[in-house]
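A quick write-up on the structure given underneath.
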Amino acid sequence: MFEEVHHRPCGRPTKAGTPCRAQFSGPGFACKLHTTDHEKALVEAYRTGLETGRKQEREWQQRAEATQVEHLERQIRTLRDELDAQNRRFEVDGDQAVTVDGYGYRWRGPGTLEVGDRVLLPENYVSALRHGPGPFPGTVTELGTTYTGTLSTIISRAVPPQTC
């Protein structure tokens with residue numbers, strides 16, 4: 001009745017009394033000519049239920065996948081934090097190590113730098129293209145650095161802008 005069989009004969013008796021030879025496909029009982037209103041309602045209910053079930057399955061699948069993604073993102077954050085804690089250096093050869101706008105630097109000046117402090121950084125080949133020649137400003141975004149290579153030295157604290 002509701003099996004997805006393709007091209008099967010109706011078989012219901014015609015006015016002449018012979019079996020109907022009309023072919024039909026999909027769920028149903030007979031060809032369109034011989035299907036009763038009650039049978040049409042049953043087929044429509046079946047289709048509606050099937051569609052609703054498939055929609056519900058897709059929603060559940062999406063929720064399950066979203067939960068899995070959230071779980072994996074939490075795991076990644078935890079592992080990054082653990083790795084960061086193992087590799088973060090706060091001091092390099094007696095100088096304070098900081099991260100400025102995502103890059104590691106060292107500070108030899110007076111006092112210690114805090115997150116949010118504005119500093120003046122030495123020119124490098126990228127800064128020359130972005131900011132022009134000479135030192136350029138930056139902001140301390142993290143204390144310590146995970147960068148293991150040679151660190152450039154911060155020139156000075158940036159002078160705060162004058163307000164009128």
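Labels for the structure tokens follow display order: chains A, B, ..., residues from 1 in each chain, ligands from 1.
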Range 12-148 of chain A: which residues are strand (DSSP E) by DSSP, as JSON, numbers by chain? {"A": [23, 24, 91, 92, 95, 96, 97, 98, 99, 100, 103, 104, 105, 106, 107, 118, 119, 120, 121, 136, 137, 138, 139, 140, 141, 142, 143]}
The residue from A:Glu91, A:Asp101, A:Glu123, A:Glu57 with the smallest atom-to-atom distance to Thr148 in chain A, counting only C-alpha atoms, is A:Glu91
May I have the residues within 8 Å of range 136-144 of chain A as a short mmCIF file (atom, residue, chain, number, x, y, z; two decimals) with N, CA and C atoms, in the first residue's frame, using only C-alpha atoms and disregarding those fewer than 5 positions away in the same chain?
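Here's the written file out_14.cif:
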data_model
loop_
_atom_site.label_atom_id
_atom_site.label_comp_id
_atom_site.auth_asym_id
_atom_site.auth_seq_id
_atom_site.Cartn_x
_atom_site.Cartn_y
_atom_site.Cartn_z
N ARG A 88 53.99 29.79 27.15
CA ARG A 88 54.02 31.25 27.31
C ARG A 88 55.23 31.68 28.14
N ARG A 89 55.96 32.65 27.58
CA ARG A 89 57.12 33.23 28.27
C ARG A 89 56.75 34.64 28.71
N PHE A 90 57.01 34.97 29.96
CA PHE A 90 56.73 36.31 30.47
C PHE A 90 58.00 37.14 30.59
N GLU A 91 59.13 36.45 30.47
CA GLU A 91 60.41 37.15 30.59
C GLU A 91 61.40 36.52 29.62
N GLN A 96 60.79 42.10 30.03
CA GLN A 96 59.39 41.68 30.03
C GLN A 96 58.98 41.31 28.60
N ALA A 97 58.32 40.16 28.44
CA ALA A 97 57.81 39.75 27.14
C ALA A 97 56.31 40.05 27.10
N VAL A 98 55.87 40.68 26.01
CA VAL A 98 54.45 41.01 25.84
C VAL A 98 54.03 40.72 24.41
N THR A 99 52.74 40.66 24.21
CA THR A 99 52.19 40.52 22.87
C THR A 99 51.52 41.84 22.51
N VAL A 100 51.93 42.39 21.38
CA VAL A 100 51.38 43.65 20.91
C VAL A 100 50.69 43.39 19.57
N ASP A 101 49.36 43.55 19.57
CA ASP A 101 48.57 43.35 18.35
C ASP A 101 48.87 42.01 17.69
N GLY A 102 49.07 40.97 18.50
CA GLY A 102 49.27 39.63 17.98
C GLY A 102 50.72 39.21 17.78
N GLY A 104 54.88 39.08 19.29
CA GLY A 104 55.68 39.11 20.51
C GLY A 104 56.76 40.18 20.45
N LEU A 113 54.75 46.81 31.56
CA LEU A 113 53.61 47.13 30.70
C LEU A 113 52.40 46.33 31.13
N GLU A 114 51.23 46.87 30.90
CA GLU A 114 49.97 46.20 31.20
C GLU A 114 49.16 46.10 29.91
N VAL A 115 48.20 45.19 29.89
CA VAL A 115 47.31 45.06 28.74
C VAL A 115 46.59 46.39 28.52
N GLY A 116 46.59 46.85 27.29
CA GLY A 116 45.95 48.12 26.94
C GLY A 116 46.93 49.27 26.81
N ASP A 117 48.17 49.12 27.31
CA ASP A 117 49.17 50.19 27.18
C ASP A 117 49.50 50.40 25.71
N ARG A 118 49.64 51.67 25.32
CA ARG A 118 50.04 52.01 23.95
C ARG A 118 51.56 52.14 23.94
N VAL A 119 52.19 51.56 22.90
CA VAL A 119 53.65 51.57 22.79
C VAL A 119 54.05 51.96 21.38
N LEU A 120 55.32 52.32 21.22
CA LEU A 120 55.90 52.66 19.93
C LEU A 120 56.83 51.53 19.53
N LEU A 121 56.57 50.96 18.34
CA LEU A 121 57.29 49.77 17.90
C LEU A 121 58.27 50.12 16.79
N PRO A 122 59.37 49.33 16.68
CA PRO A 122 60.35 49.62 15.65
C PRO A 122 59.82 49.25 14.26
N GLU A 123 60.30 49.98 13.25
CA GLU A 123 59.91 49.71 11.87
C GLU A 123 60.36 48.31 11.45
N SER A 127 55.54 46.92 8.48
CA SER A 127 55.08 48.21 8.98
C SER A 127 55.44 49.33 8.01
N HIS A 131 52.36 51.45 7.39
CA HIS A 131 52.34 52.72 8.13
C HIS A 131 53.34 53.74 7.59
N ALA A 158 53.92 54.88 24.13
CA ALA A 158 53.41 55.93 23.23
C ALA A 158 52.92 57.09 24.07
#
Suppose you want the space between CA of Pro135 in chain A and CA of Val92 in chain A; what is it in Å?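 Value for the CA of Pro135 in chain A-CA of Val92 in chain A distance: 22.2 Å.
In this model, the gap between CA of Arg12 in chain A and CA of Arg47 in chain A comes to 22.6 Å.
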Grab the CA of Arg106 in chain A to CA of Asp81 in chain A distance for me, in Å with one decimal place.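 Separation between CA of Arg106 in chain A and CA of Asp81 in chain A: 21.9 Å.
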Give me every alpha helix (DSSP H) residue in range 26-134 of chain A, going by DSSP on the backbone, as number ranges by chain. A: 37-87, 125-131
Deliver the residues from the most recent selection as a file, using C-alpha atoms, as a tab-separated table (two decimals), in the first residue's frame.
chain	number	residue	atom	x	y	z
A	37	ASP	CA	-11.77	9.72	-1.32
A	38	HIS	CA	-10.96	7.80	1.86
A	39	GLU	CA	-7.91	6.22	0.20
A	40	LYS	CA	-6.82	9.64	-1.11
A	41	ALA	CA	-7.03	11.00	2.45
A	42	LEU	CA	-4.95	8.07	3.72
A	43	VAL	CA	-2.28	8.64	1.05
A	44	GLU	CA	-2.19	12.39	1.81
A	45	ALA	CA	-1.88	11.68	5.55
A	46	TYR	CA	0.96	9.27	4.80
A	47	ARG	CA	2.78	11.86	2.68
A	48	THR	CA	2.28	14.56	5.31
A	49	GLY	CA	3.54	12.28	8.08
A	50	LEU	CA	6.53	11.22	6.01
A	51	GLU	CA	7.41	14.84	5.22
A	52	THR	CA	6.99	15.89	8.86
A	53	GLY	CA	9.16	12.99	10.02
A	54	ARG	CA	11.90	13.83	7.56
A	55	LYS	CA	11.79	17.50	8.57
A	56	GLN	CA	12.01	16.54	12.26
A	57	GLU	CA	14.92	14.22	11.51
A	58	ARG	CA	16.80	17.04	9.74
A	59	GLU	CA	16.20	19.38	12.69
A	60	TRP	CA	17.41	16.77	15.20
A	61	GLN	CA	20.45	16.06	13.04
A	62	GLN	CA	21.28	19.76	12.85
A	63	ARG	CA	20.94	20.10	16.64
A	64	ALA	CA	23.14	17.07	17.20
A	65	GLU	CA	25.77	18.41	14.80
A	66	ALA	CA	25.67	21.87	16.43
A	67	THR	CA	26.15	20.27	19.86
A	68	GLN	CA	29.08	18.24	18.52
A	69	VAL	CA	30.67	21.38	17.02
A	70	GLU	CA	30.27	23.27	20.32
A	71	HIS	CA	31.85	20.37	22.20
A	72	LEU	CA	34.81	20.23	19.80
A	73	GLU	CA	35.27	24.02	19.98
A	74	ARG	CA	35.37	23.81	23.80
A	75	GLN	CA	37.95	21.02	23.55
A	76	ILE	CA	40.06	23.10	21.15
A	77	ARG	CA	39.90	26.13	23.47
A	78	THR	CA	40.92	23.97	26.44
A	79	LEU	CA	43.81	22.41	24.55
A	80	ARG	CA	44.98	25.82	23.25
A	81	ASP	CA	44.86	27.23	26.79
A	82	GLU	CA	46.88	24.27	28.10
A	83	LEU	CA	49.42	24.59	25.29
A	84	ASP	CA	49.58	28.35	25.80
A	85	ALA	CA	50.21	27.87	29.54
A	86	GLN	CA	53.06	25.46	28.78
A	87	ASN	CA	54.74	27.67	26.15
A	125	TYR	CA	59.28	45.52	6.39
A	126	VAL	CA	55.54	45.04	6.92
A	127	SER	CA	55.08	48.21	8.98
A	128	ALA	CA	56.94	50.22	6.33
A	129	LEU	CA	54.33	49.12	3.79
A	130	ARG	CA	51.35	49.66	6.10
A	131	HIS	CA	52.34	52.72	8.13
Can you tell me which residues surround Thr153 in chain A at a distance of at most 7 Å, considering only C-alpha atoms, apart from same-chain residues fewer than 2 positions away, and format the answer as JSON, numbers by chain? {"A": [105, 106, 107, 151, 155]}
What does the file look like for those residues with N, CA and C atoms, as a compact mmCIF listing (two decimals), in the first residue's frame?
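As a result, part09.txt now contains:
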# COMPACT_ATOMS: atom_id res chain seq x y z
N TYR A 105 56.93 40.91 21.56
CA TYR A 105 57.98 41.93 21.70
C TYR A 105 58.54 41.84 23.10
N ARG A 106 59.69 42.50 23.31
CA ARG A 106 60.26 42.59 24.64
C ARG A 106 60.32 44.06 25.05
N TRP A 107 60.22 44.27 26.36
CA TRP A 107 60.20 45.62 26.92
C TRP A 107 61.33 45.75 27.92
N LEU A 151 62.82 38.22 19.64
CA LEU A 151 61.82 39.27 19.80
C LEU A 151 62.44 40.64 19.57
N ILE A 155 60.29 50.35 21.48
CA ILE A 155 61.08 51.59 21.58
C ILE A 155 60.70 52.36 22.84
Quick one: residues within 8 Å of Phe29 in chain A, only C-alpha atoms, excluding same-chain residues fewer than 2 positions away - as a list in words? Met1, Cys10, Pro27, Cys31, Thr35 and Glu39 of chain A
